[in-house]
>>> print(open('structure-v5.cif').read())   # mmCIF, C-alpha atoms
data_target
loop_
_atom_site.label_atom_id
_atom_site.label_comp_id
_atom_site.auth_asym_id
_atom_site.auth_seq_id
_atom_site.Cartn_x
_atom_site.Cartn_y
_atom_site.Cartn_z
CA MET K 1 -76.66 14.84 53.68
CA SER K 2 -75.13 17.94 52.19
CA ASP K 3 -73.74 18.87 55.57
CA ASN K 4 -72.05 15.49 55.82
CA VAL K 5 -70.53 15.91 52.35
CA SER K 6 -69.28 19.35 53.29
CA ILE K 7 -67.76 17.99 56.46
CA ILE K 8 -66.06 15.13 54.60
CA PHE K 9 -64.79 17.49 51.87
CA SER K 10 -63.46 20.00 54.36
CA THR K 11 -61.84 17.23 56.36
CA TYR K 12 -60.08 15.44 53.50
CA ALA K 13 -59.64 18.13 50.81
CA GLN K 14 -56.51 19.64 52.26
CA PRO K 15 -54.73 16.31 52.86
CA ILE K 16 -55.71 15.09 49.39
CA ALA K 17 -54.45 18.31 47.81
CA THR K 18 -51.24 18.00 49.75
CA VAL K 19 -50.75 14.42 48.59
CA LEU K 20 -51.55 15.29 44.98
CA GLY K 21 -49.18 18.21 45.11
CA ALA K 22 -46.43 16.00 46.43
CA VAL K 23 -47.11 13.43 43.70
CA LEU K 24 -46.98 16.11 41.03
CA VAL K 25 -43.70 17.40 42.41
CA LEU K 26 -42.24 13.90 42.57
CA VAL K 27 -43.34 13.08 39.03
CA GLY K 28 -43.07 16.54 37.45
CA ALA K 29 -39.60 17.47 38.63
CA PRO K 30 -37.87 14.50 36.97
CA LEU K 31 -39.94 15.02 33.81
CA PHE K 32 -38.98 18.68 33.72
CA GLY K 33 -35.34 17.73 34.29
CA ILE K 34 -35.48 15.24 31.43
CA LEU K 35 -37.05 17.87 29.17
CA VAL K 36 -34.32 20.39 30.03
CA TYR K 37 -31.65 17.74 29.45
CA PHE K 38 -32.91 16.83 25.97
CA LYS K 39 -33.35 20.50 25.00
CA GLN K 40 -29.76 21.14 26.05
CA LYS K 41 -28.50 18.09 24.16
CA GLU K 42 -30.41 19.23 21.06
CA TYR K 43 -28.80 22.67 21.28
CA GLU K 44 -25.31 21.21 21.80
CA THR K 45 -25.76 18.90 18.80
CA ILE K 46 -26.91 21.77 16.58
CA LYS K 47 -24.10 24.03 17.80
CA GLN K 48 -21.45 21.38 17.20
CA ARG K 49 -22.76 20.47 13.74
CA TYR K 50 -23.53 23.88 12.26
CA LEU K 51 -21.33 26.28 14.23
CA ASP K 52 -18.20 24.55 15.59
CA ASP K 53 -17.81 22.04 12.74
CA GLY K 54 -19.39 24.25 10.09
CA ILE K 55 -19.34 28.04 10.01
CA ALA K 56 -16.30 28.40 12.29
CA VAL K 57 -14.22 26.10 10.06
CA ILE K 58 -15.15 28.08 6.94
CA ILE K 59 -14.20 31.32 8.70
CA ARG K 60 -10.77 29.97 9.65
CA GLN K 61 -10.12 28.93 6.05
CA VAL K 62 -11.19 32.30 4.65
CA GLU K 63 -9.05 34.10 7.23
CA TYR K 64 -6.04 31.97 6.26
CA SER K 65 -6.55 32.75 2.56
CA LEU K 66 -6.81 36.49 3.21
CA ASP K 67 -3.77 36.43 5.52
CA VAL K 68 -1.69 34.70 2.83
CA PHE K 69 -2.77 37.26 0.24
CA GLN K 70 -2.08 40.26 2.46
CA TYR K 71 1.36 39.01 3.47
CA ASN K 72 2.47 38.13 -0.05
CA TRP K 73 1.14 41.42 -1.42
CA ALA K 74 3.09 43.37 1.22
CA HIS K 75 6.25 41.39 0.40
CA SER K 76 5.77 42.14 -3.31
CA ILE K 77 5.43 45.87 -2.61
CA HIS K 78 8.61 45.75 -0.50
CA LEU K 79 10.44 43.89 -3.26
CA LEU K 80 9.33 46.30 -5.97
CA ARG K 81 10.26 49.42 -3.99
CA THR K 82 13.62 47.93 -3.05
CA TYR K 83 14.26 47.19 -6.73
CA ARG K 84 13.37 50.79 -7.60
CA ASP K 85 15.70 52.20 -4.94
CA LEU K 86 18.65 49.76 -5.07
CA GLY K 87 18.56 48.49 -8.64
CA VAL K 88 21.35 45.93 -9.17
CA ASN K 89 21.98 45.83 -5.41
CA THR K 90 18.54 44.34 -4.73
CA PRO K 91 19.06 41.24 -2.50
CA SER K 92 18.25 38.10 -4.46
CA GLU K 93 16.46 36.54 -1.48
CA LEU K 94 13.71 39.11 -1.88
CA TYR K 95 12.64 37.67 -5.23
CA ASN K 96 13.75 34.07 -4.68
CA SER K 97 12.04 33.58 -1.31
CA GLY K 98 10.10 35.36 1.41
CA PHE K 99 6.59 34.48 0.25
CA ILE K 100 4.09 32.28 2.08
CA SER K 101 3.57 29.22 -0.06
CA ILE K 102 0.08 28.14 -1.04
CA ASP K 103 1.32 24.66 -1.89
CA LYS K 104 -0.68 23.70 1.18
CA PRO K 105 -4.13 22.93 -0.24
CA ILE K 106 -6.61 25.76 0.19
CA SER K 107 -9.73 23.84 1.15
CA LEU K 108 -13.10 25.05 -0.07
CA GLU K 109 -14.72 23.20 2.86
CA ALA K 110 -17.51 21.96 0.59
CA SER K 111 -19.10 19.75 3.26
CA ARG K 112 -19.18 22.68 5.70
CA HIS K 113 -20.69 24.94 3.08
CA TYR K 114 -23.41 22.33 2.56
CA LEU K 115 -24.30 22.67 6.25
CA LEU K 116 -24.38 26.45 5.82
CA LEU K 117 -26.64 26.02 2.80
CA GLU K 118 -29.03 23.98 4.94
CA ILE K 119 -29.62 26.84 7.36
CA ILE K 120 -29.49 29.91 5.08
CA GLY K 121 -30.97 28.42 1.90
CA ASP K 122 -28.47 30.02 -0.51
CA LYS K 123 -25.08 28.93 -1.89
CA VAL K 124 -23.65 32.42 -2.46
CA PHE K 125 -21.13 31.96 0.37
CA PHE K 126 -19.73 28.84 -1.29
CA ASN K 127 -19.61 30.50 -4.70
CA VAL K 128 -17.74 33.54 -3.35
CA HIS K 129 -15.38 31.24 -1.44
CA GLN K 130 -14.55 29.57 -4.77
CA LEU K 131 -13.91 33.00 -6.29
CA LEU K 132 -11.57 33.79 -3.39
CA THR K 133 -9.57 30.61 -3.96
CA ALA K 134 -9.21 31.34 -7.68
CA PHE K 135 -8.22 34.92 -6.85
CA LEU K 136 -5.56 33.72 -4.41
CA HIS K 137 -3.93 31.52 -7.03
CA ASP K 138 -4.08 34.32 -9.62
CA ALA K 139 -2.45 36.73 -7.16
CA ASP K 140 0.18 34.12 -6.33
CA ASN K 141 1.14 33.94 -10.02
CA LEU K 142 1.39 37.73 -10.21
CA PHE K 143 3.61 37.94 -7.14
CA LYS K 144 5.90 34.94 -7.51
CA VAL K 145 5.95 34.34 -11.26
CA ASP K 146 5.35 37.59 -13.13
CA LEU K 147 6.94 40.09 -10.74
CA CYS K 148 9.84 37.97 -9.51
CA SER K 149 10.66 36.75 -13.02
CA ALA K 150 10.71 40.29 -14.40
CA ILE K 151 13.06 41.50 -11.67
CA ARG K 152 15.24 38.40 -11.87
CA LEU K 153 15.66 38.83 -15.64
CA SER K 154 16.37 42.52 -15.21
CA LEU K 155 19.10 41.89 -12.64
CA GLU K 156 20.54 38.55 -13.70
CA GLY K 157 19.77 38.43 -17.41
CA GLY K 158 18.35 35.47 -19.28
CA LYS K 159 19.22 32.98 -21.93
CA GLY K 160 19.01 33.93 -25.59
CA ASN K 161 17.79 37.20 -26.98
CA ILE K 162 15.18 37.93 -24.33
CA SER K 163 13.91 41.49 -24.38
CA ILE K 164 14.24 43.01 -20.91
CA SER K 165 12.15 46.04 -19.96
CA PRO K 166 13.87 49.06 -18.38
CA PRO K 167 13.69 49.17 -14.53
CA GLU K 168 11.43 52.23 -14.50
CA GLU K 169 9.01 50.56 -16.88
CA ILE K 170 8.97 47.39 -14.74
CA PHE K 171 8.28 49.42 -11.61
CA ASN K 172 5.48 51.48 -13.13
CA ALA K 173 3.78 48.45 -14.67
CA PHE K 174 3.87 46.30 -11.55
CA ILE K 175 3.03 48.97 -9.00
CA GLN K 176 -0.22 49.50 -10.90
CA LYS K 177 -0.92 45.77 -11.09
CA LEU K 178 -0.20 45.32 -7.38
CA ASN K 179 -2.48 48.19 -6.39
CA GLU K 180 -5.27 46.83 -8.58
CA LYS K 181 -4.83 43.37 -7.07
CA HIS K 182 -4.90 44.85 -3.57
CA ASP K 183 -8.18 46.64 -4.28
CA GLU K 184 -9.66 43.44 -5.65
CA GLY K 185 -8.53 41.52 -2.59
CA GLN K 186 -10.25 43.94 -0.22
CA LEU K 187 -13.61 42.89 -1.66
CA TYR K 188 -13.21 39.44 -0.14
CA PHE K 189 -13.25 40.83 3.39
CA ALA K 190 -16.99 41.17 2.77
CA LEU K 191 -17.13 37.37 2.66
CA LEU K 192 -15.35 37.17 6.01
CA GLY K 193 -17.49 39.90 7.57
CA ASN K 194 -20.77 38.33 6.50
CA LEU K 195 -19.65 34.90 7.68
CA LYS K 196 -18.95 36.43 11.07
CA THR K 197 -22.41 37.97 11.06
CA ILE K 198 -23.94 34.52 10.56
CA GLU K 199 -21.65 33.10 13.24
CA SER K 200 -22.68 35.81 15.72
CA LEU K 201 -26.40 35.26 15.08
CA PHE K 202 -25.98 31.54 15.57
CA SER K 203 -23.90 31.74 18.74
CA ASN K 204 -26.11 34.28 20.53
CA LYS K 205 -29.16 32.02 20.77
CA GLN K 206 -29.91 28.44 21.68
CA PHE K 207 -31.52 27.01 18.56
CA SER K 208 -33.80 24.00 18.33
CA TYR K 209 -34.34 22.14 15.07
CA LYS K 210 -37.74 23.81 14.78
CA MET K 211 -36.21 27.27 15.23
CA LEU K 212 -33.37 26.39 12.85
CA SER K 213 -35.78 26.07 9.93
CA LYS K 214 -36.63 29.77 10.31
CA PHE K 215 -33.01 30.96 10.58
CA ARG K 216 -32.84 31.76 6.85
CA ASN K 217 -35.66 34.28 7.25
CA LYS K 218 -33.75 36.50 9.67
CA THR K 219 -33.18 40.04 8.42
CA GLU K 220 -29.43 39.86 9.01
CA VAL K 221 -29.13 36.61 7.05
CA LEU K 222 -31.06 37.98 4.09
CA LYS K 223 -28.98 41.16 4.16
CA SER K 224 -25.70 39.17 4.16
CA ILE K 225 -26.84 37.18 1.15
CA THR K 226 -27.92 40.34 -0.68
CA ASP K 227 -24.64 42.12 0.13
CA LEU K 228 -22.48 39.33 -1.29
CA LYS K 229 -24.57 39.05 -4.44
CA ARG K 230 -24.32 42.81 -4.95
CA ILE K 231 -20.57 43.09 -4.30
CA PHE K 232 -19.66 40.09 -6.46
CA ASN K 233 -22.38 40.46 -9.06
CA ASP K 234 -20.03 40.60 -12.07
CA GLN K 235 -17.81 37.74 -10.89
CA LEU K 236 -20.76 35.54 -9.95
CA THR K 237 -22.41 36.19 -13.33
CA LYS K 238 -19.27 35.06 -15.15
CA PHE K 239 -18.92 32.15 -12.75
CA SER K 240 -22.45 30.89 -13.35
CA SER K 241 -22.19 31.32 -17.11
CA GLN K 242 -19.14 29.05 -17.44
CA PRO K 243 -20.05 25.73 -19.12
CA SER K 244 -19.82 22.70 -16.88
CA GLU K 245 -17.35 19.98 -17.77
CA GLN K 246 -18.78 17.02 -19.60
CA THR K 247 -17.90 13.60 -18.23
#
>>> encode(input="structure-v5.cif", output="structure tokens")
Amino acid sequence: MSDNVSIIFSTYAQPIATVLGAVLVLVGAPLFGILVYFKQKEYETIKQRYLDDGIAVIIRQVEYSLDVFQYNWAHSIHLLRTYRDLGVNTPSELYNSGFISIDKPISLEASRHYLLLEIIGDKVFFNVHQLLTAFLHDADNLFKVDLCSAIRLSLEGGKGNISISPPEEIFNAFIQKLNEKHDEGQLYFALLGNLKTIESLFSNKQFSYKMLSKFRNKTEVLKSITDLKRIFNDQLTKFSSQPSEQT
């Protein structure tokens, strides 16, 4: 009896195994392909939502803000030095034009920052972005209102009995203000640099939704958050202490 079983097993085992193997290949290959497809679609959805339509958009807006500041600061320095060297021969177009306008709205990208908040668990990037926007408008007033008005009054005079400061006094006062504003502006490159760190971390790995929930625990993410809070500690403290508007 056992011999017969052995004979039957040895006779049919190999064909059965071959058939089962073929069935597994026929069934398993499509299932594996479907699994790979859905994993890829999940990654593409996450990448589009959080990277392409999120972090990358914030970075472009921050870069634009910093570019505007740097250009207008450089133009102000050129204007002030020309005024020092040429005096009454300073070309009027230097203080009447030549600046990049920020009449174009500087978007805070609040919806994109909300997506960033979802993955890093902290709103410091949004808060510093708000500080940057306020700084840009403050710098714009210094460049185009305070400086240009002082030079215009000095060269063209004004109505009534307006007291006009001597050229040397104007130069000394504004060169100090411009240098201080430049130093303040350099701080905001930390915002850009840390955003790029987050972008790099996100783009170098294919994340699933399960993995995404642990993104905030990465060492680089925690360090970026800590760096911004340290660099902008004083400004963020004042920012958070301001009373909210009552509706």
>>> atom_distance(input="structure-v5.cif", atom1="CA of Phe69 in chain K", atom2="CA of Leu136 in chain K")
6.5 Å
>>> closest_atom_pairs(input="structure-v5.cif", of="range 66-101 of chain K", to="range 172-185 of chain K", cutoff="9 Å", atoms="all atoms listed in the file", output="CSV")
residue,atom,partner,partner_atom,distance
K:Leu66,CA,K:Gly185,CA,7.9
K:Phe69,CA,K:Gly185,CA,7.7
K:Gln70,CA,K:His182,CA,8.1
K:Trp73,CA,K:Leu178,CA,7.2
K:Ser76,CA,K:Leu178,CA,7.9
K:Ile77,CA,K:Leu178,CA,7.4
K:Leu80,CA,K:Ile175,CA,7.5
K:Arg81,CA,K:Ile175,CA,8.8
>>> residues_around(input="structure-v5.cif", residues="Gly87 in chain K", least_positions_apart="2", cutoff="12 Å", atoms="all atoms listed in the file", output="list in words")
Leu79, Leu80, Arg81, Thr82, Tyr83, Arg84, Asp85, Asn89, Thr90, Pro91, Ser92, Ile151, Arg152, Ser154, Leu155, Glu156, Pro166, Pro167, Glu168, Ile170 and Phe171 of chain K
>>> write_last_selection(input="structure-v5.cif", atoms="C-alpha atoms", output="tab-separated table (two decimals), in the coordinates of the input")
chain	number	residue	atom	x	y	z
K	79	LEU	CA	10.44	43.89	-3.26
K	80	LEU	CA	9.33	46.30	-5.97
K	81	ARG	CA	10.26	49.42	-3.99
K	82	THR	CA	13.62	47.93	-3.05
K	83	TYR	CA	14.26	47.19	-6.73
K	84	ARG	CA	13.37	50.79	-7.60
K	85	ASP	CA	15.70	52.20	-4.94
K	89	ASN	CA	21.98	45.83	-5.41
K	90	THR	CA	18.54	44.34	-4.73
K	91	PRO	CA	19.06	41.24	-2.50
K	92	SER	CA	18.25	38.10	-4.46
K	151	ILE	CA	13.06	41.50	-11.67
K	152	ARG	CA	15.24	38.40	-11.87
K	154	SER	CA	16.37	42.52	-15.21
K	155	LEU	CA	19.10	41.89	-12.64
K	156	GLU	CA	20.54	38.55	-13.70
K	166	PRO	CA	13.87	49.06	-18.38
K	167	PRO	CA	13.69	49.17	-14.53
K	168	GLU	CA	11.43	52.23	-14.50
K	170	ILE	CA	8.97	47.39	-14.74
K	171	PHE	CA	8.28	49.42	-11.61
>>> resolve_selection(input="structure-v5.cif", expression="the PyMOL selection byres ((chain K and resi 119) around 7)", output="list in words")
Leu115, Leu116, Leu117, Glu118, Ile120, Gly121, Leu212, Ser213, Phe215 and Arg216 of chain K
>>> atom_distance(input="structure-v5.cif", atom1="CA of Asp234 in chain K", atom2="CA of Asp140 in chain K")
22.0 Å
>>> closest_residue(input="structure-v5.cif", among="K:Ser200, K:Ser165, K:Ser240, K:Asn217", to="Val128 in chain K", atoms="all atoms listed in the file")
K:Ser240
>>> atom_distance(input="structure-v5.cif", atom1="CA of Val145 in chain K", atom2="CA of Leu131 in chain K")
20.5 Å
>>> decode(input="structure-v5.cif", residues="range 78-93 of chain K", atoms="all heavy atoms", output="compact mmCIF listing (two decimals), in the first residue's frame")
# COMPACT_ATOMS: atom_id res chain seq x y z
N HIS K 78 22.95 102.15 -4.24
CA HIS K 78 23.45 102.87 -5.42
C HIS K 78 22.95 104.31 -5.43
O HIS K 78 23.73 105.25 -5.70
CB HIS K 78 23.01 102.15 -6.69
CG HIS K 78 23.36 102.86 -7.95
ND1 HIS K 78 24.66 103.16 -8.31
CD2 HIS K 78 22.58 103.37 -8.96
CE1 HIS K 78 24.68 103.80 -9.46
NE2 HIS K 78 23.43 103.94 -9.89
N LEU K 79 21.68 104.50 -5.12
CA LEU K 79 21.10 105.84 -5.07
C LEU K 79 21.81 106.69 -4.02
O LEU K 79 22.19 107.85 -4.28
CB LEU K 79 19.61 105.74 -4.75
CG LEU K 79 18.90 107.03 -4.29
CD1 LEU K 79 18.99 108.11 -5.37
CD2 LEU K 79 17.44 106.72 -3.93
N LEU K 80 21.98 106.14 -2.84
CA LEU K 80 22.56 106.91 -1.73
C LEU K 80 24.01 107.30 -2.03
O LEU K 80 24.43 108.44 -1.77
CB LEU K 80 22.48 106.10 -0.44
CG LEU K 80 22.80 106.84 0.86
CD1 LEU K 80 21.87 108.04 1.05
CD2 LEU K 80 22.67 105.88 2.06
N ARG K 81 24.78 106.39 -2.58
CA ARG K 81 26.18 106.70 -2.90
C ARG K 81 26.29 107.69 -4.06
O ARG K 81 27.19 108.54 -4.07
CB ARG K 81 26.92 105.41 -3.23
CG ARG K 81 27.17 104.54 -1.99
CD ARG K 81 27.77 103.20 -2.33
NE ARG K 81 28.08 102.44 -1.12
CZ ARG K 81 28.42 101.15 -1.12
NH1 ARG K 81 28.48 100.48 -2.27
NH2 ARG K 81 28.67 100.54 0.01
N THR K 82 25.36 107.58 -5.01
CA THR K 82 25.36 108.55 -6.10
C THR K 82 25.02 109.94 -5.57
O THR K 82 25.64 110.95 -5.97
CB THR K 82 24.32 108.15 -7.18
OG1 THR K 82 24.64 106.85 -7.68
CG2 THR K 82 24.31 109.13 -8.34
N TYR K 83 24.08 110.02 -4.66
CA TYR K 83 23.70 111.28 -4.03
C TYR K 83 24.88 111.87 -3.27
O TYR K 83 25.14 113.08 -3.32
CB TYR K 83 22.51 111.05 -3.10
CG TYR K 83 22.18 112.20 -2.20
CD1 TYR K 83 21.59 113.37 -2.69
CD2 TYR K 83 22.43 112.12 -0.82
CE1 TYR K 83 21.28 114.43 -1.84
CE2 TYR K 83 22.12 113.16 0.02
CZ TYR K 83 21.55 114.32 -0.49
OH TYR K 83 21.24 115.37 0.35
N ARG K 84 25.63 111.02 -2.57
CA ARG K 84 26.81 111.50 -1.84
C ARG K 84 27.86 112.06 -2.80
O ARG K 84 28.48 113.10 -2.53
CB ARG K 84 27.42 110.34 -1.05
CG ARG K 84 28.72 110.68 -0.32
CD ARG K 84 29.45 109.42 0.11
NE ARG K 84 29.82 108.59 -1.04
CZ ARG K 84 30.32 107.36 -0.94
NH1 ARG K 84 30.50 106.82 0.25
NH2 ARG K 84 30.63 106.67 -2.03
N ASP K 85 28.06 111.37 -3.93
CA ASP K 85 29.13 111.76 -4.85
C ASP K 85 28.74 112.88 -5.81
O ASP K 85 29.57 113.74 -6.14
CB ASP K 85 29.58 110.54 -5.67
CG ASP K 85 30.17 109.44 -4.79
OD1 ASP K 85 30.62 109.75 -3.67
OD2 ASP K 85 30.15 108.27 -5.23
N LEU K 86 27.47 112.92 -6.27
CA LEU K 86 27.06 113.88 -7.28
C LEU K 86 26.24 115.04 -6.73
O LEU K 86 26.10 116.07 -7.39
CB LEU K 86 26.28 113.18 -8.40
CG LEU K 86 27.00 112.08 -9.17
CD1 LEU K 86 26.12 111.55 -10.29
CD2 LEU K 86 28.34 112.58 -9.72
N GLY K 87 25.65 114.85 -5.56
CA GLY K 87 24.86 115.93 -4.97
C GLY K 87 23.72 116.35 -5.88
O GLY K 87 22.88 115.53 -6.27
N VAL K 88 23.67 117.64 -6.25
CA VAL K 88 22.55 118.18 -7.03
C VAL K 88 22.48 117.57 -8.43
O VAL K 88 21.47 117.71 -9.12
CB VAL K 88 22.66 119.71 -7.14
CG1 VAL K 88 22.51 120.36 -5.78
CG2 VAL K 88 23.98 120.13 -7.80
N ASN K 89 23.53 116.91 -8.86
CA ASN K 89 23.55 116.29 -10.19
C ASN K 89 23.05 114.84 -10.17
O ASN K 89 23.12 114.15 -11.19
CB ASN K 89 24.97 116.33 -10.78
CG ASN K 89 25.44 117.74 -11.04
OD1 ASN K 89 24.68 118.56 -11.58
ND2 ASN K 89 26.66 118.05 -10.66
N THR K 90 22.52 114.40 -9.04
CA THR K 90 21.96 113.06 -8.94
C THR K 90 20.77 112.92 -9.90
O THR K 90 19.83 113.71 -9.83
CB THR K 90 21.48 112.76 -7.51
OG1 THR K 90 22.59 112.88 -6.61
CG2 THR K 90 20.90 111.36 -7.41
N PRO K 91 20.78 111.94 -10.81
CA PRO K 91 19.66 111.76 -11.75
C PRO K 91 18.36 111.48 -11.01
O PRO K 91 18.30 110.64 -10.11
CB PRO K 91 20.09 110.54 -12.59
CG PRO K 91 21.57 110.48 -12.45
CD PRO K 91 21.86 110.96 -11.06
N SER K 92 17.31 112.20 -11.38
CA SER K 92 16.03 112.06 -10.68
C SER K 92 15.42 110.68 -10.85
O SER K 92 14.66 110.21 -9.99
CB SER K 92 15.04 113.12 -11.17
OG SER K 92 14.80 112.97 -12.56
N GLU K 93 15.77 109.99 -11.96
CA GLU K 93 15.17 108.66 -12.16
C GLU K 93 15.65 107.65 -11.12
O GLU K 93 15.00 106.63 -10.90
CB GLU K 93 15.50 108.12 -13.56
CG GLU K 93 16.98 108.01 -13.89
CD GLU K 93 17.50 109.24 -14.62
OE1 GLU K 93 16.89 110.32 -14.47
OE2 GLU K 93 18.52 109.11 -15.32
